[in-house]
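Coordinates from target-v5.tsv are shown below (TSV, C-alpha atoms and all ligand atoms).
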```tsv
chain	number	residue	atom	x	y	z
N	1	MET	CA	78.48	84.33	104.87
N	2	ASN	CA	79.91	82.31	107.74
N	3	ASN	CA	78.76	81.55	111.26
N	4	ILE	CA	82.07	81.97	113.04
N	5	ASP	CA	81.92	83.92	116.31
N	6	PHE	CA	85.22	85.74	115.90
N	7	ASP	CA	84.78	87.57	119.22
N	8	ALA	CA	84.99	84.20	120.99
N	9	ILE	CA	88.57	83.68	119.79
N	10	ALA	CA	91.06	85.03	122.32
N	11	PRO	CA	93.85	87.20	120.87
N	12	SER	CA	96.31	84.91	122.67
N	13	ALA	CA	95.03	82.00	120.55
N	14	LEU	CA	95.75	83.78	117.27
N	15	PRO	CA	99.43	82.91	116.71
N	16	ALA	CA	98.79	79.15	117.01
N	17	LEU	CA	95.65	79.41	114.92
N	18	LEU	CA	97.48	81.31	112.18
N	19	CYS	CA	100.26	78.73	112.16
N	20	GLN	CA	98.04	75.65	112.12
N	21	ALA	CA	95.49	76.90	109.60
N	22	PRO	CA	95.58	75.67	106.02
N	23	LYS	CA	96.82	78.38	103.68
N	24	ALA	CA	98.00	79.13	100.16
N	25	GLU	CA	101.17	81.02	99.23
N	26	LEU	CA	100.95	82.97	95.98
N	27	HIS	CA	103.96	85.28	96.05
N	28	MET	CA	107.25	83.54	96.70
N	29	HIS	CA	110.30	83.72	94.44
N	30	ILE	CA	111.94	80.32	94.59
N	31	GLU	CA	115.38	81.93	94.16
N	32	GLY	CA	114.49	83.98	97.25
N	33	SER	CA	114.15	80.79	99.29
N	34	LEU	CA	117.86	79.96	98.89
N	35	GLU	CA	119.16	79.96	102.45
N	36	PRO	CA	122.83	80.99	102.95
N	37	GLU	CA	123.69	77.42	104.01
N	38	LEU	CA	122.32	76.04	100.74
N	39	ILE	CA	124.06	78.78	98.73
N	40	PHE	CA	127.40	77.68	100.21
N	41	LYS	CA	126.62	73.99	99.75
N	42	LEU	CA	125.77	74.50	96.06
N	43	ALA	CA	128.76	76.81	95.55
N	44	GLN	CA	131.03	74.07	96.85
N	45	ARG	CA	129.28	71.36	94.81
N	46	ASN	CA	129.63	73.42	91.61
N	47	GLY	CA	132.99	75.07	92.22
N	48	VAL	CA	131.47	78.56	92.23
N	49	GLN	CA	133.47	81.28	94.00
N	50	LEU	CA	131.36	83.55	96.22
N	51	ALA	CA	132.25	87.09	97.27
N	52	TYR	CA	131.61	86.18	100.94
N	53	ALA	CA	133.92	84.15	103.19
N	54	ASP	CA	131.20	82.10	104.89
N	55	VAL	CA	127.52	81.79	105.75
N	56	GLU	CA	127.73	84.38	108.51
N	57	ALA	CA	129.44	86.96	106.30
N	58	LEU	CA	126.76	86.45	103.66
N	59	ARG	CA	123.95	86.79	106.21
N	60	GLN	CA	125.59	89.98	107.51
N	61	ALA	CA	125.18	91.47	104.04
N	62	TYR	CA	121.39	91.11	104.24
N	63	ALA	CA	120.77	94.73	105.21
N	64	PHE	CA	118.84	96.43	102.45
N	65	SER	CA	117.95	100.05	101.83
N	66	ASP	CA	115.57	99.47	98.91
N	67	LEU	CA	114.54	96.90	96.30
N	68	GLN	CA	117.65	97.33	94.14
N	69	SER	CA	120.06	96.82	97.04
N	70	PHE	CA	118.33	93.49	97.69
N	71	LEU	CA	118.17	92.44	94.03
N	72	ASP	CA	121.96	92.84	93.66
N	73	ILE	CA	122.57	90.25	96.41
N	74	TYR	CA	119.65	88.04	95.31
N	75	TYR	CA	121.06	87.69	91.78
N	76	ALA	CA	124.55	86.98	93.19
N	77	GLY	CA	123.07	84.22	95.40
N	78	ALA	CA	121.33	82.64	92.40
N	79	SER	CA	124.69	82.28	90.60
N	80	VAL	CA	125.32	78.96	92.42
N	81	LEU	CA	122.41	77.29	90.59
N	82	LEU	CA	123.75	75.33	87.65
N	83	THR	CA	122.26	71.83	87.42
N	84	GLU	CA	118.80	70.26	87.47
N	85	ALA	CA	119.64	68.86	90.92
N	86	ASP	CA	120.37	72.39	92.19
N	87	PHE	CA	116.94	73.65	91.12
N	88	PHE	CA	115.32	70.54	92.54
N	89	ASP	CA	117.12	70.85	95.90
N	90	MET	CA	116.24	74.54	96.21
N	91	ALA	CA	112.55	73.93	95.54
N	92	TRP	CA	112.41	70.84	97.74
N	93	ALA	CA	113.87	72.77	100.68
N	94	TYR	CA	111.11	75.36	100.27
N	95	PHE	CA	108.37	72.72	99.98
N	96	GLU	CA	109.45	71.07	103.24
N	97	ARG	CA	109.25	74.44	105.00
N	98	ALA	CA	105.94	75.25	103.29
N	99	ALA	CA	104.39	71.96	104.45
N	100	ALA	CA	105.60	72.68	108.01
N	101	ASP	CA	103.76	76.03	107.77
N	102	HIS	CA	100.55	74.20	106.74
N	103	ILE	CA	100.65	75.60	103.23
N	104	VAL	CA	98.43	73.29	101.19
N	105	HIS	CA	98.84	75.05	97.85
N	106	CYS	CA	101.54	77.31	96.45
N	107	GLU	CA	102.19	79.10	93.19
N	108	ILE	CA	105.88	79.87	93.05
N	109	PHE	CA	107.74	82.36	90.88
N	110	PHE	CA	110.92	81.53	89.04
N	111	ASP	CA	113.20	83.85	87.04
N	112	PRO	CA	114.52	81.91	84.03
N	113	GLN	CA	116.46	84.88	82.63
N	114	THR	CA	118.62	84.97	85.76
N	115	HIS	CA	119.84	81.52	84.79
N	116	THR	CA	119.72	81.39	80.99
N	117	SER	CA	121.86	84.56	80.90
N	118	ARG	CA	124.58	82.51	82.69
N	119	GLY	CA	124.34	79.68	80.16
N	120	VAL	CA	121.99	77.41	82.13
N	121	ALA	CA	119.48	75.72	79.81
N	122	MET	CA	115.76	76.45	80.17
N	123	GLN	CA	115.22	72.71	80.36
N	124	THR	CA	117.52	72.44	83.39
N	125	VAL	CA	115.63	75.16	85.26
N	126	ILE	CA	112.09	74.02	84.53
N	127	THR	CA	112.71	70.28	84.83
N	128	GLY	CA	114.47	70.60	88.20
N	129	LEU	CA	111.65	72.74	89.60
N	130	HIS	CA	108.93	70.58	88.06
N	131	LEU	CA	110.33	67.35	89.52
N	132	ALA	CA	110.30	68.95	92.97
N	133	CYS	CA	106.65	70.06	92.45
N	134	GLN	CA	105.70	66.49	91.56
N	135	LYS	CA	107.46	65.09	94.62
N	136	ALA	CA	105.77	67.71	96.85
N	137	ARG	CA	102.37	66.54	95.63
N	138	VAL	CA	103.15	62.88	96.25
N	139	GLU	CA	105.14	63.04	99.48
N	140	LEU	CA	103.84	66.17	101.20
N	141	GLY	CA	100.27	66.42	99.86
N	142	LEU	CA	101.18	69.95	98.79
N	143	SER	CA	99.92	71.20	95.44
N	144	ALA	CA	102.60	73.33	93.83
N	145	GLU	CA	102.53	75.24	90.54
N	146	LEU	CA	105.11	77.37	88.73
N	147	ILE	CA	104.79	80.94	87.43
N	148	LEU	CA	107.48	82.12	85.00
N	149	CYS	CA	108.57	85.70	85.69
N	150	PHE	CA	110.08	88.19	83.26
N	151	LEU	CA	112.81	90.50	84.56
N	152	ARG	CA	111.43	93.98	83.99
N	153	HIS	CA	114.85	95.68	83.88
N	154	LEU	CA	115.48	93.74	80.64
N	155	SER	CA	113.76	94.40	77.30
N	156	GLU	CA	110.38	93.15	76.14
N	157	GLU	CA	112.17	91.47	73.24
N	158	GLU	CA	114.11	89.36	75.75
N	159	ALA	CA	110.89	88.54	77.62
N	160	LEU	CA	109.25	87.42	74.36
N	161	ASN	CA	112.26	85.21	73.56
N	162	THR	CA	112.16	83.77	77.09
N	163	LEU	CA	108.49	82.87	76.78
N	164	GLU	CA	109.04	81.18	73.41
N	165	ALA	CA	112.06	79.29	74.78
N	166	ALA	CA	109.92	77.95	77.64
N	167	LEU	CA	107.08	76.72	75.43
N	168	PRO	CA	108.39	73.12	75.09
N	169	TRP	CA	107.59	72.94	78.85
N	170	ARG	CA	104.27	74.82	78.58
N	171	GLU	CA	102.51	72.16	80.66
N	172	HIS	CA	104.90	72.73	83.56
N	173	PHE	CA	103.93	76.33	84.35
N	174	ILE	CA	100.52	77.91	84.83
N	175	GLY	CA	101.26	81.57	84.30
N	176	VAL	CA	103.63	84.48	83.87
N	177	GLY	CA	104.66	87.29	86.19
N	178	LEU	CA	106.79	90.42	86.15
N	179	ASP	CA	109.46	91.13	88.74
N	180	SER	CA	112.85	92.82	89.39
N	181	SER	CA	113.46	96.62	89.45
N	182	GLU	CA	110.06	98.30	89.32
N	183	ARG	CA	110.82	102.03	89.10
N	184	GLY	CA	111.32	103.17	85.53
N	185	HIS	CA	109.99	99.88	84.12
N	186	PRO	CA	106.21	100.33	83.93
N	187	PRO	CA	103.91	97.43	83.06
N	188	GLU	CA	103.13	98.85	79.61
N	189	LYS	CA	106.70	98.01	78.57
N	190	PHE	CA	105.51	94.36	78.50
N	191	ALA	CA	102.15	94.75	76.71
N	192	ARG	CA	103.01	92.44	73.81
N	193	VAL	CA	104.49	89.59	75.83
N	194	TYR	CA	101.48	89.62	78.15
N	195	ALA	CA	99.13	89.55	75.16
N	196	ARG	CA	101.06	86.51	73.90
N	197	ALA	CA	100.87	84.84	77.33
N	198	ARG	CA	97.11	85.38	77.52
N	199	GLU	CA	96.75	84.00	73.98
N	200	LEU	CA	98.57	80.86	75.20
N	201	GLY	CA	96.01	80.46	78.00
N	202	LEU	CA	98.49	81.32	80.73
N	203	HIS	CA	97.47	83.09	83.93
N	204	VAL	CA	98.91	86.60	84.19
N	205	VAL	CA	100.10	88.43	87.31
N	206	ALA	CA	102.58	91.28	87.84
N	207	HIS	CA	104.45	93.08	90.60
N	208	ALA	CA	103.08	96.62	90.82
N	209	GLY	CA	102.87	99.27	93.51
N	210	GLU	CA	105.70	97.87	95.63
N	211	GLU	CA	108.08	100.81	95.04
N	212	GLY	CA	106.35	101.99	91.88
N	213	PRO	CA	103.41	104.44	91.90
N	214	PRO	CA	99.70	103.54	91.94
N	215	ALA	CA	99.63	104.32	88.20
N	216	TYR	CA	101.68	101.12	87.65
N	217	ILE	CA	98.88	99.13	89.32
N	218	SER	CA	96.34	100.74	86.98
N	219	SER	CA	98.42	99.97	83.89
N	220	ALA	CA	98.99	96.38	85.02
N	221	LEU	CA	95.19	96.06	85.16
N	222	ASP	CA	94.39	97.99	81.98
N	223	ILE	CA	97.23	96.99	79.69
N	224	LEU	CA	98.53	93.66	80.99
N	225	GLN	CA	95.03	92.59	82.13
N	226	VAL	CA	96.48	90.84	85.16
N	227	GLU	CA	94.48	88.54	87.41
N	228	ARG	CA	96.46	89.44	90.54
N	229	ILE	CA	98.68	92.33	91.63
N	230	ASP	CA	101.84	91.36	93.50
N	231	HIS	CA	102.40	93.71	96.45
N	232	GLY	CA	100.11	96.59	95.44
N	233	VAL	CA	100.47	98.27	98.84
N	234	ARG	CA	100.81	101.72	97.27
N	235	CYS	CA	97.22	101.47	95.96
N	236	LEU	CA	96.15	103.16	99.21
N	237	GLU	CA	97.52	106.44	97.84
N	238	ASP	CA	94.70	106.48	95.26
N	239	PRO	CA	91.14	106.15	96.67
N	240	ALA	CA	89.60	105.63	93.22
N	241	LEU	CA	92.00	102.77	92.58
N	242	VAL	CA	91.14	101.22	95.95
N	243	GLN	CA	87.46	101.32	94.98
N	244	ARG	CA	88.24	99.67	91.66
N	245	LEU	CA	90.34	96.91	93.28
N	246	LYS	CA	87.65	96.33	95.90
N	247	ALA	CA	84.78	96.19	93.40
N	248	SER	CA	86.62	93.69	91.18
N	249	ARG	CA	87.98	91.63	94.15
N	250	MET	CA	91.39	91.96	92.54
N	251	PRO	CA	93.82	90.00	94.72
N	252	LEU	CA	96.84	91.79	96.20
N	253	THR	CA	99.65	89.48	97.31
N	254	VAL	CA	101.03	91.43	100.26
N	255	CYS	CA	104.45	90.61	101.80
N	256	PRO	CA	104.91	92.28	105.22
N	257	LEU	CA	108.48	91.23	106.09
N	258	SER	CA	109.61	92.07	102.55
N	259	ASN	CA	108.05	95.54	102.84
N	260	LEU	CA	109.83	96.02	106.16
N	261	LYS	CA	113.25	94.78	104.98
N	262	LEU	CA	113.11	96.77	101.72
N	263	CYS	CA	112.07	99.93	103.58
N	264	VAL	CA	108.67	100.16	101.86
N	265	VAL	CA	107.28	100.63	105.40
N	266	ASP	CA	109.05	101.95	108.51
N	267	SER	CA	107.75	99.20	110.81
N	268	LEU	CA	105.25	96.34	110.88
N	269	ALA	CA	103.20	98.39	113.35
N	270	VAL	CA	102.39	100.86	110.55
N	271	HIS	CA	102.12	98.28	107.75
N	272	PRO	CA	98.89	98.87	105.79
N	273	LEU	CA	97.70	95.22	105.90
N	274	ALA	CA	94.85	95.94	108.36
N	275	ALA	CA	93.85	99.07	106.43
N	276	MET	CA	93.75	97.08	103.19
N	277	LEU	CA	91.45	94.45	104.70
N	278	ASP	CA	89.25	97.09	106.32
N	279	ALA	CA	88.95	98.78	102.91
N	280	GLY	CA	87.49	95.51	101.60
N	281	LEU	CA	90.51	94.57	99.48
N	282	CYS	CA	91.29	90.94	98.68
N	283	ALA	CA	94.72	90.95	100.35
N	284	MET	CA	96.58	87.98	101.73
N	285	VAL	CA	100.03	87.44	103.28
N	286	ASN	CA	103.04	85.97	101.47
N	287	SER	CA	106.77	85.64	102.12
N	288	ASP	CA	108.27	87.00	98.82
N	289	ASP	CA	111.94	86.06	99.43
N	290	PRO	CA	111.88	84.33	102.81
N	291	ALA	CA	115.57	83.42	103.03
N	292	TYR	CA	116.48	87.10	102.67
N	293	PHE	CA	113.71	88.79	104.64
N	294	GLY	CA	113.82	86.83	107.89
N	295	GLY	CA	110.87	84.50	107.72
N	296	TYR	CA	108.56	82.15	105.85
N	297	LEU	CA	104.80	82.50	105.61
N	298	ASN	CA	103.88	81.70	109.23
N	299	ALA	CA	106.57	84.09	110.47
N	300	ASN	CA	105.10	86.83	108.27
N	301	LEU	CA	101.63	86.22	109.69
N	302	VAL	CA	102.69	85.93	113.32
N	303	GLN	CA	104.97	88.97	113.21
N	304	ALA	CA	102.39	91.11	111.38
N	305	PHE	CA	99.75	90.27	114.00
N	306	ALA	CA	102.15	90.73	116.94
N	307	ALA	CA	103.14	94.18	115.72
N	308	ASN	CA	99.65	95.49	115.00
N	309	LYS	CA	96.97	94.92	117.64
N	310	ALA	CA	94.31	96.15	115.19
N	311	LEU	CA	94.65	92.77	113.45
N	312	ASN	CA	92.09	90.39	114.96
N	313	ALA	CA	90.61	86.92	114.44
N	314	ARG	CA	88.29	88.10	111.67
N	315	HIS	CA	91.28	89.59	109.82
N	316	ALA	CA	93.16	86.30	110.27
N	317	TRP	CA	90.31	84.28	108.78
N	318	GLN	CA	89.84	86.79	105.95
N	319	LEU	CA	93.53	86.72	104.99
N	320	LEU	CA	93.60	82.93	104.89
N	321	ARG	CA	90.32	82.72	102.97
N	322	ASN	CA	91.59	85.33	100.49
N	323	SER	CA	94.67	83.19	99.86
N	324	PHE	CA	92.39	80.46	98.52
N	325	GLU	CA	90.02	82.85	96.75
N	326	ALA	CA	93.00	84.27	94.83
N	327	SER	CA	94.57	80.88	94.00
N	328	PHE	CA	94.51	79.39	90.53
N	329	ILE	CA	93.04	76.14	91.87
N	330	ASP	CA	89.95	74.26	90.77
N	331	GLU	CA	86.68	75.04	92.49
N	332	ALA	CA	86.44	71.68	94.26
N	333	LEU	CA	89.79	72.20	95.99
N	334	ARG	CA	88.90	75.81	96.80
N	335	GLU	CA	85.67	74.71	98.50
N	336	ARG	CA	87.53	72.03	100.47
N	337	CYS	CA	90.08	74.60	101.65
N	338	TYR	CA	87.33	77.05	102.68
N	339	ALA	CA	85.56	74.29	104.64
N	340	GLU	CA	88.77	73.19	106.39
N	341	LEU	CA	89.58	76.77	107.31
N	342	ASP	CA	86.08	77.44	108.70
N	343	ALA	CA	86.14	74.20	110.71
N	344	LEU	CA	89.41	75.19	112.37
N	345	PHE	CA	88.16	78.66	113.28
N	346	ILE	CA	84.86	77.28	114.61
N	347	ALA	CA	86.80	74.80	116.75
N	348	ALA	CA	88.84	77.70	118.13
N	349	THR	CA	85.66	79.38	119.42
N	350	ALA	CA	84.66	76.35	121.49
X	401	LIG	N1	112.37	89.57	92.76
X	401	LIG	C1	112.46	88.90	93.91
X	401	LIG	N2	111.81	89.56	94.88
X	401	LIG	C2	111.30	90.68	94.33
X	401	LIG	C3	110.52	91.76	94.81
X	401	LIG	N3	110.14	91.86	96.09
X	401	LIG	N4	110.19	92.74	93.95
X	401	LIG	C4	110.59	92.68	92.68
X	401	LIG	N5	111.31	91.68	92.18
X	401	LIG	C5	111.66	90.68	92.99
X	402	ZN	ZN	108.08	89.53	94.79
```

Please lay out the structure from this file as structure tokens.
Amino acid sequence: MNNIDFDAIAPSALPALLCQAPKAELHMHIEGSLEPELIFKLAQRNGVQLAYADVEALRQAYAFSDLQSFLDIYYAGASVLLTEADFFDMAWAYFERAAADHIVHCEIFFDPQTHTSRGVAMQTVITGLHLACQKARVELGLSAELILCFLRHLSEEEALNTLEAALPWREHFIGVGLDSSERGHPPEKFARVYARARELGLHVVAHAGEEGPPAYISSALDILQVERIDHGVRCLEDPALVQRLKASRMPLTVCPLSNLKLCVVDSLAVHPLAAMLDAGLCAMVNSDDPAYFGGYLNANLVQAFAANKALNARHAWQLLRNSFEASFIDEALRERCYAELDALFIAATA
């Protein structure tokens, strides 16, 4: 499979190796990359009144007890986004950080309903993000794609209308996802809109098994026919499901700092990332909402490894390789990424 002597890589070399390695990010909500400083800058630019006095007061509020307590603040933060330039600036700020983390490919989520419900046009949202993706390709050598997410606390009718409203910009996004409040909003609620998305040739992914039960992962597979599960950490509660995910190499886009900050796990030391890899699952690390959860992709990797000494060089390589295996990229790019990754790890054994 590969001829890397993982035992020859010292644990002390792992943080630098993780940071310098090429990687893909597949689970990052662009609205979750809005740093408090940018929220205040955009609020001032657009004359939006915030409920917090300053950047520090806003940051102080980032103490979450569960997913919903985070979502309430996340939607409030997104209220400063009004113009194409706002969406562009938000995405560009993320791309600069992503390039610094040696991310070579990313597939980023956006939540159009969060904006259209405030009167922002679909065109404004998608064009601003798309222009930033184009610039990232040209100026940073970073390939960036968009995935349109439906808010699962809203109705399927609204999701269907959102998808139709986005179709004039069909070429600007590669897939659809499902996010927001998971409990009480099972995947099957969105069966028709996913069928429509698949008919349109869009990739399909969905959050499942973050707070919701393993049964939500099964129904995302069976009913939505997803190609990736976002989070999926609760699959470990169901051994038969683990076997199914392993056998199909179904990717699970795991987000350690998110799981910690939303109290899905008690600490990074007991995070199931190592167990998922050891079970043969196609898991990789992502940042989810990095501005809210205390770190971008490299911080997630470094902190996960620092907290759990069971994570070793082989795990590091596997996570990074899985990020490319699970990407919606063409095979030529995938092979180039695999080769670059292997070369770096082989060099680290010298
Ligand atoms: N929207 C932004 N981040 C999310 C998460 N972690 N789960 C569900 N919806 C989200
Ligand atoms: Zn997410």

Could you give me, as CSV, a per-residue list for chain N showing, wherever an atom lies at most 8 Å from an atom of ligand LIG 401 (chain X), the closest pair of atoms and their distance in Å to one decimal, using only C-alpha atoms and all ligand atoms and sorting by chain then residue number from low to high?
```
residue,atom,partner,partner_atom,distance
N:Met28,CA,X:LIG401,N2,7.8
N:His29,CA,X:LIG401,C1,5.6
N:Glu31,CA,X:LIG401,C1,7.6
N:Gly32,CA,X:LIG401,C1,6.3
N:Leu67,CA,X:LIG401,N4,6.5
N:Leu71,CA,X:LIG401,N1,6.6
N:Tyr74,CA,X:LIG401,C1,7.4
N:Leu151,CA,X:LIG401,N5,7.9
N:Leu178,CA,X:LIG401,N5,7.6
N:Asp179,CA,X:LIG401,N5,3.9
N:Ser180,CA,X:LIG401,N5,3.4
N:Ser181,CA,X:LIG401,C4,5.8
N:Glu182,CA,X:LIG401,C4,6.6
N:His207,CA,X:LIG401,C4,6.5
N:Glu210,CA,X:LIG401,N4,7.0
N:His231,CA,X:LIG401,N3,8.0
N:Ser258,CA,X:LIG401,N3,6.5
N:Asn259,CA,X:LIG401,N3,8.0
N:Asp288,CA,X:LIG401,N3,5.9
N:Asp289,CA,X:LIG401,N2,5.7
```

Contacts of N:Ser327 at 9 Å (only C-alpha atoms; same-chain gap of 3+ positions) as a PyMOL selection string: chain N and resi 24-26+105-107+322-324+330+334

Put those residues in a file: C-alpha atoms, as an mmCIF file, keeping the file's coordinate frame.
```
data_model
loop_
_atom_site.group_PDB
_atom_site.id
_atom_site.type_symbol
_atom_site.label_atom_id
_atom_site.label_comp_id
_atom_site.auth_asym_id
_atom_site.auth_seq_id
_atom_site.Cartn_x
_atom_site.Cartn_y
_atom_site.Cartn_z
ATOM 1 C CA ALA N 24 98.000 79.130 100.160
ATOM 2 C CA GLU N 25 101.170 81.020 99.230
ATOM 3 C CA LEU N 26 100.950 82.970 95.980
ATOM 4 C CA HIS N 105 98.840 75.050 97.850
ATOM 5 C CA CYS N 106 101.540 77.310 96.450
ATOM 6 C CA GLU N 107 102.190 79.100 93.190
ATOM 7 C CA ASN N 322 91.590 85.330 100.490
ATOM 8 C CA SER N 323 94.670 83.190 99.860
ATOM 9 C CA PHE N 324 92.390 80.460 98.520
ATOM 10 C CA ASP N 330 89.950 74.260 90.770
ATOM 11 C CA ARG N 334 88.900 75.810 96.800
#
```

Stretch 154-159 of chain N environment, 9 Å, only C-alpha atoms, sequence neighbours closer than 4 positions dropped, as JSON, numbers by chain: {"N": [113, 149, 150, 163, 164, 185, 189, 190, 191, 192, 193]}

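The closest residue to ligand ZN 402 (chain X), picked from N:Ile30, N:Met284, N:Cys263, N:Ala240 and counting only C-alpha atoms and all ligand atoms, is N:Ile30.
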
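Every protein or nucleic acid residue with an atom no more than 8 Å from N:Leu148, counting only C-alpha atoms and leaving out same-chain residues fewer than 6 positions away, appears here: N:Phe109, N:Phe110, N:Asp111, N:Pro112, N:Phe173, N:Gly175, N:Val176, N:Gly177.
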
Point (104.1, 97.3, 109.2), cut-off 9 Å, counting all atoms listed in the file, residues as a ChimeraX atom specification: /N:256-257,259-260,265-273,304,307-308

N:Ala343, N:Leu252, N:Ala165, N:Cys19 ranked by distance to ligand ZN 402 (chain X), top pick (using all atoms listed in the file): N:Leu252

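Taking atom CA of N:Ala247 and atom CA of N:Ala316 as endpoints, the distance between them is 21.3 Å.
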
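Going from atom CA of N:Leu140 to atom CA of N:Gly294 covers 23.9 Å.
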
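Here atom CA of N:Leu341 is placed at a distance of 12.5 Å from atom CA of N:Asn3.
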
As JSON, please report the centre and edge lengths, rounded to one decimal in Å, of the axis-aligned box that holds all listed atoms of stretch 214-232 of chain N with 6 Å of padding on each of the six sides.
```
{"center_x": 98.4, "center_y": 96.4, "center_z": 88.1, "size_x": 20.0, "size_y": 27.8, "size_z": 28.8}
```
